[in-house]
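A.B. asks: Sharing a structure, written as structure tokens. Questions coming.
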Amino acid sequence: MNEVKKIAYKKLIHQAFLDLKNSGTYDKVTFDRNLRIAHAFHNLAEFIVVDFVGFNEDEFWASVGALASQFDLHHYRKIFDEAVMDPLHSSSSSTVKGSGSMSTD
């Protein structure tokens, strides 16, 4: 997986955590939504730690697609696609690829 996509996935998991944090009320619908978000993204955190070794993008997006359909959370794909298309990251990734100097905080 290229560095641009890795950064995009890191932005995506950050958004998922923000969605959980800022979910508002704690009723059953919100709980169910948050549980599904956590379920869809929990493996992504592990794959980020191991530099995406063994990560299956199709499986991940199928899970996120089901989440998007059920809870109208279509923004995850948009965030990812915009991050991949971000010219700042796509041009800089080629110069720092493998250097370990790029910060994603």
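In the structure tokens, chains take the letters A, B, ... in the order shown, each chain's residues start at 1, and ligands count up from 1 in the order shown.
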Excluding range 52-69 of chain A and any residue of its chain fewer than 3 positions from it, enumerate the residues within 10 Å of it, using only C-alpha atoms, and give them as a CSV table (one decimal) with all heavy atoms, in the first residue's frame.

C.D. replies:
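Wrote it out as out.csv, contents follow:
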chain,number,residue,atom,x,y,z
A,1,MET,N,0.9,-1.2,0.0
A,1,MET,CA,0.0,0.0,0.0
A,1,MET,C,0.9,1.2,0.0
A,1,MET,O,1.9,1.3,0.7
A,1,MET,CB,-0.9,0.0,1.2
A,1,MET,CG,-1.8,1.2,1.4
A,1,MET,SD,-2.8,1.3,2.8
A,1,MET,CE,-3.8,-0.2,2.6
A,6,LYS,N,-2.0,5.2,3.2
A,6,LYS,CA,-1.8,5.0,4.6
A,6,LYS,C,-2.2,6.2,5.4
A,6,LYS,O,-2.9,6.1,6.4
A,6,LYS,CB,-0.4,4.6,4.9
A,6,LYS,CG,0.0,3.2,4.4
A,6,LYS,CD,1.5,3.0,4.7
A,6,LYS,CE,1.9,1.6,4.2
A,6,LYS,NZ,3.4,1.4,4.4
A,9,TYR,N,-6.0,6.5,5.4
A,9,TYR,CA,-6.7,5.6,6.4
A,9,TYR,C,-6.5,6.1,7.8
A,9,TYR,O,-7.4,6.0,8.7
A,9,TYR,CB,-6.1,4.2,6.3
A,9,TYR,CG,-6.8,3.4,5.2
A,9,TYR,CD1,-6.0,2.9,4.1
A,9,TYR,CD2,-8.1,3.0,5.3
A,9,TYR,CE1,-6.6,2.2,3.1
A,9,TYR,CE2,-8.7,2.3,4.3
A,9,TYR,CZ,-8.0,1.9,3.2
A,9,TYR,OH,-8.6,1.1,2.2
A,33,ARG,N,-25.4,2.8,16.7
A,33,ARG,CA,-24.6,3.4,15.7
A,33,ARG,C,-23.1,3.4,16.1
A,33,ARG,O,-22.2,3.0,15.3
A,33,ARG,CB,-25.1,4.8,15.5
A,33,ARG,CG,-24.2,5.7,14.6
A,33,ARG,CD,-24.7,7.1,14.6
A,33,ARG,NE,-23.8,8.1,14.0
A,33,ARG,CZ,-22.8,8.6,14.6
A,33,ARG,NH1,-22.5,8.4,15.9
A,33,ARG,NH2,-22.0,9.5,14.0
A,36,ARG,N,-21.6,-0.1,15.9
A,36,ARG,CA,-21.3,-0.4,14.5
A,36,ARG,C,-20.0,0.3,14.0
A,36,ARG,O,-19.2,-0.2,13.3
A,36,ARG,CB,-22.5,-0.1,13.6
A,36,ARG,CG,-23.6,-1.1,13.8
A,36,ARG,CD,-23.4,-2.5,13.4
A,36,ARG,NE,-22.9,-2.6,12.0
A,36,ARG,CZ,-23.6,-2.6,10.9
A,36,ARG,NH1,-24.9,-2.5,11.0
A,36,ARG,NH2,-23.0,-2.7,9.8
A,37,ILE,N,-19.9,1.6,14.4
A,37,ILE,CA,-18.7,2.3,14.0
A,37,ILE,C,-17.4,1.7,14.6
A,37,ILE,O,-16.4,1.4,13.9
A,37,ILE,CB,-18.7,3.8,14.4
A,37,ILE,CG1,-19.8,4.6,13.6
A,37,ILE,CG2,-17.4,4.5,14.2
A,37,ILE,CD1,-20.1,6.0,14.1
A,39,HIS,N,-17.1,-1.4,15.6
A,39,HIS,CA,-16.9,-2.7,15.0
A,39,HIS,C,-16.2,-2.5,13.6
A,39,HIS,O,-15.3,-3.3,13.2
A,39,HIS,CB,-18.2,-3.4,14.8
A,39,HIS,CG,-18.0,-4.8,14.2
A,39,HIS,ND1,-17.4,-5.8,14.9
A,39,HIS,CD2,-18.4,-5.2,13.0
A,39,HIS,CE1,-17.4,-6.9,14.1
A,39,HIS,NE2,-18.0,-6.6,13.0
A,40,ALA,N,-16.7,-1.6,12.8
A,40,ALA,CA,-16.1,-1.4,11.5
A,40,ALA,C,-14.7,-0.9,11.5
A,40,ALA,O,-13.9,-1.2,10.6
A,40,ALA,CB,-17.0,-0.4,10.7
A,41,PHE,N,-14.3,-0.2,12.5
A,41,PHE,CA,-13.0,0.5,12.5
A,41,PHE,C,-12.0,-0.2,13.5
A,41,PHE,O,-10.8,0.2,13.4
A,41,PHE,CB,-13.1,1.9,12.8
A,41,PHE,CG,-13.6,2.8,11.7
A,41,PHE,CD1,-14.9,3.0,11.5
A,41,PHE,CD2,-12.7,3.3,10.7
A,41,PHE,CE1,-15.4,3.7,10.4
A,41,PHE,CE2,-13.1,4.0,9.7
A,41,PHE,CZ,-14.5,4.2,9.5
A,43,ASN,N,-10.4,-3.1,13.6
A,43,ASN,CA,-9.3,-3.8,13.0
A,43,ASN,C,-8.3,-2.8,12.3
A,43,ASN,O,-7.1,-3.0,12.2
A,43,ASN,CB,-9.7,-4.8,12.0
A,43,ASN,CG,-10.2,-6.1,12.7
A,43,ASN,OD1,-9.8,-6.3,13.9
A,43,ASN,ND2,-11.1,-6.8,12.1
A,44,LEU,N,-8.9,-1.7,11.8
A,44,LEU,CA,-8.1,-0.7,11.1
A,44,LEU,C,-7.0,-0.2,12.1
A,44,LEU,O,-5.8,0.0,11.6
A,44,LEU,CB,-8.9,0.5,10.6
A,44,LEU,CG,-8.2,1.6,9.8
A,44,LEU,CD1,-7.4,1.0,8.6
A,44,LEU,CD2,-9.1,2.6,9.4
A,45,ALA,N,-7.3,0.0,13.3
A,45,ALA,CA,-6.3,0.5,14.3
A,45,ALA,C,-5.2,-0.5,14.4
A,45,ALA,O,-4.0,0.0,14.4
A,45,ALA,CB,-7.0,0.7,15.6
A,46,GLU,N,-5.5,-1.7,14.4
A,46,GLU,CA,-4.4,-2.7,14.5
A,46,GLU,C,-3.5,-2.7,13.3
A,46,GLU,O,-2.3,-2.8,13.3
A,46,GLU,CB,-5.0,-4.1,14.8
A,46,GLU,CG,-3.9,-5.2,14.9
A,46,GLU,CD,-4.4,-6.6,15.2
A,46,GLU,OE1,-5.6,-6.7,15.4
A,46,GLU,OE2,-3.6,-7.5,15.1
A,47,PHE,N,-4.2,-2.6,12.1
A,47,PHE,CA,-3.4,-2.6,10.9
A,47,PHE,C,-2.6,-1.4,10.7
A,47,PHE,O,-1.5,-1.5,10.1
A,47,PHE,CB,-4.4,-2.8,9.7
A,47,PHE,CG,-4.9,-4.2,9.5
A,47,PHE,CD1,-6.2,-4.5,9.7
A,47,PHE,CD2,-4.0,-5.3,9.3
A,47,PHE,CE1,-6.7,-5.9,9.6
A,47,PHE,CE2,-4.4,-6.6,9.1
A,47,PHE,CZ,-5.7,-6.9,9.3
A,48,ILE,N,-3.0,-0.3,11.3
A,48,ILE,CA,-2.2,0.9,11.2
A,48,ILE,C,-0.9,0.7,12.0
A,48,ILE,O,0.2,1.0,11.6
A,48,ILE,CB,-2.9,2.1,11.8
A,48,ILE,CG1,-4.0,2.6,10.7
A,48,ILE,CG2,-2.0,3.3,12.1
A,48,ILE,CD1,-4.9,3.6,11.3
A,49,VAL,N,-1.0,0.0,13.2
A,49,VAL,CA,0.2,-0.3,14.0
A,49,VAL,C,1.2,-1.2,13.3
A,49,VAL,O,2.4,-1.0,13.4
A,49,VAL,CB,-0.3,-0.9,15.4
A,49,VAL,CG1,0.9,-1.5,16.1
A,49,VAL,CG2,-1.1,0.1,16.2
A,72,ASP,N,-26.6,6.1,7.4
A,72,ASP,CA,-26.4,7.3,6.6
A,72,ASP,C,-25.0,7.9,6.9
A,72,ASP,O,-24.9,9.1,7.1
A,72,ASP,CB,-27.5,8.3,6.7
A,72,ASP,CG,-27.5,9.3,5.6
A,72,ASP,OD1,-27.0,9.0,4.5
A,72,ASP,OD2,-28.0,10.4,5.9
A,73,LEU,N,-24.0,7.1,7.0
A,73,LEU,CA,-22.6,7.6,7.3
A,73,LEU,C,-21.8,7.5,6.1
A,73,LEU,O,-20.8,6.7,6.0
A,73,LEU,CB,-22.1,6.8,8.5
A,73,LEU,CG,-22.8,7.0,9.8
A,73,LEU,CD1,-22.2,6.0,10.8
A,73,LEU,CD2,-22.6,8.4,10.3
A,74,HIS,N,-22.1,8.2,5.0
A,74,HIS,CA,-21.4,8.1,3.8
A,74,HIS,C,-20.1,9.0,3.7
A,74,HIS,O,-19.4,8.9,2.8
A,74,HIS,CB,-22.3,8.5,2.6
A,74,HIS,CG,-23.5,7.6,2.5
A,74,HIS,ND1,-23.5,6.3,2.0
A,74,HIS,CD2,-24.8,7.7,3.0
A,74,HIS,CE1,-24.7,5.8,2.1
A,74,HIS,NE2,-25.5,6.6,2.7
A,75,HIS,N,-19.9,9.7,4.8
A,75,HIS,CA,-18.8,10.7,4.8
A,75,HIS,C,-17.4,9.9,4.9
A,75,HIS,O,-16.4,10.5,4.5
A,75,HIS,CB,-18.9,11.7,5.9
A,75,HIS,CG,-18.9,11.2,7.3
A,75,HIS,ND1,-19.9,10.4,7.8
A,75,HIS,CD2,-18.0,11.3,8.2
A,75,HIS,CE1,-19.6,10.1,9.0
A,75,HIS,NE2,-18.4,10.6,9.3
A,76,TYR,N,-17.4,8.7,5.3
A,76,TYR,CA,-16.1,8.0,5.5
A,76,TYR,C,-15.4,7.8,4.1
A,76,TYR,O,-14.2,8.1,3.9
A,76,TYR,CB,-16.3,6.7,6.2
A,76,TYR,CG,-16.7,6.9,7.6
A,76,TYR,CD1,-17.8,6.3,8.1
A,76,TYR,CD2,-15.9,7.6,8.5
A,76,TYR,CE1,-18.2,6.4,9.5
A,76,TYR,CE2,-16.2,7.8,9.8
A,76,TYR,CZ,-17.4,7.2,10.3
A,76,TYR,OH,-17.7,7.3,11.6
A,77,ARG,N,-16.2,7.4,3.1
A,77,ARG,CA,-15.6,7.2,1.8
A,77,ARG,C,-15.1,8.5,1.2
A,77,ARG,O,-14.1,8.6,0.6
A,77,ARG,CB,-16.6,6.5,0.9
A,77,ARG,CG,-16.0,6.1,-0.4
A,77,ARG,CD,-15.0,5.0,-0.2
A,77,ARG,NE,-14.0,5.0,-1.2
A,77,ARG,CZ,-13.3,3.9,-1.5
A,77,ARG,NH1,-13.6,2.7,-1.0
A,77,ARG,NH2,-12.3,4.0,-2.4

A.B. asks: Which residues in range 7-74 of chain A does DSSP call alpha helix (DSSP H)? List them as a ChimeraX atom specification.

C.D. replies: /A:7-21,28-49,57-71

A.B. asks: Between CA of Phe31 in chain A and CA of Lys10 in chain A, what is the distance, to one decimal in Å?

C.D. replies: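 Going from CA of Phe31 in chain A over to CA of Lys10 in chain A covers 23.7 Å.
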
A.B. asks: Kindly indicate which residue among A:Leu12, A:Ile7, A:Asn2, A:Asp51 lies nearest to Ile79 in chain A, using only C-alpha atoms for the distances.

C.D. replies: A:Leu12

A.B. asks: If we count only C-alpha atoms and set the cut-off at 12 Å, which residues sit around Lys21 in chain A, ignoring sequence neighbours fewer than 6 positions away in its own chain? Please answer as a list in words.

C.D. replies: His14, Gln15, Thr30, Phe31, Asn34, Ile37 and Ala38 of chain A

A.B. asks: What gap, in Å, lies between CA of Glu82 in chain A and CA of Ala8 in chain A?

C.D. replies: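 The value is 8.2 Å.
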
A.B. asks: Return the single residue from A:Phe17, A:Lys11, A:Gln70, A:Val50 that is closest to Asp32 in chain A, with distances computed using only C-alpha atoms.

C.D. replies: A:Gln70

A.B. asks: Can you tell me how far CA of Thr25 in chain A sits from CA of Asp81 in chain A, in Å to one decimal?

C.D. replies: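 Distance between the two atoms: 29.4 Å.
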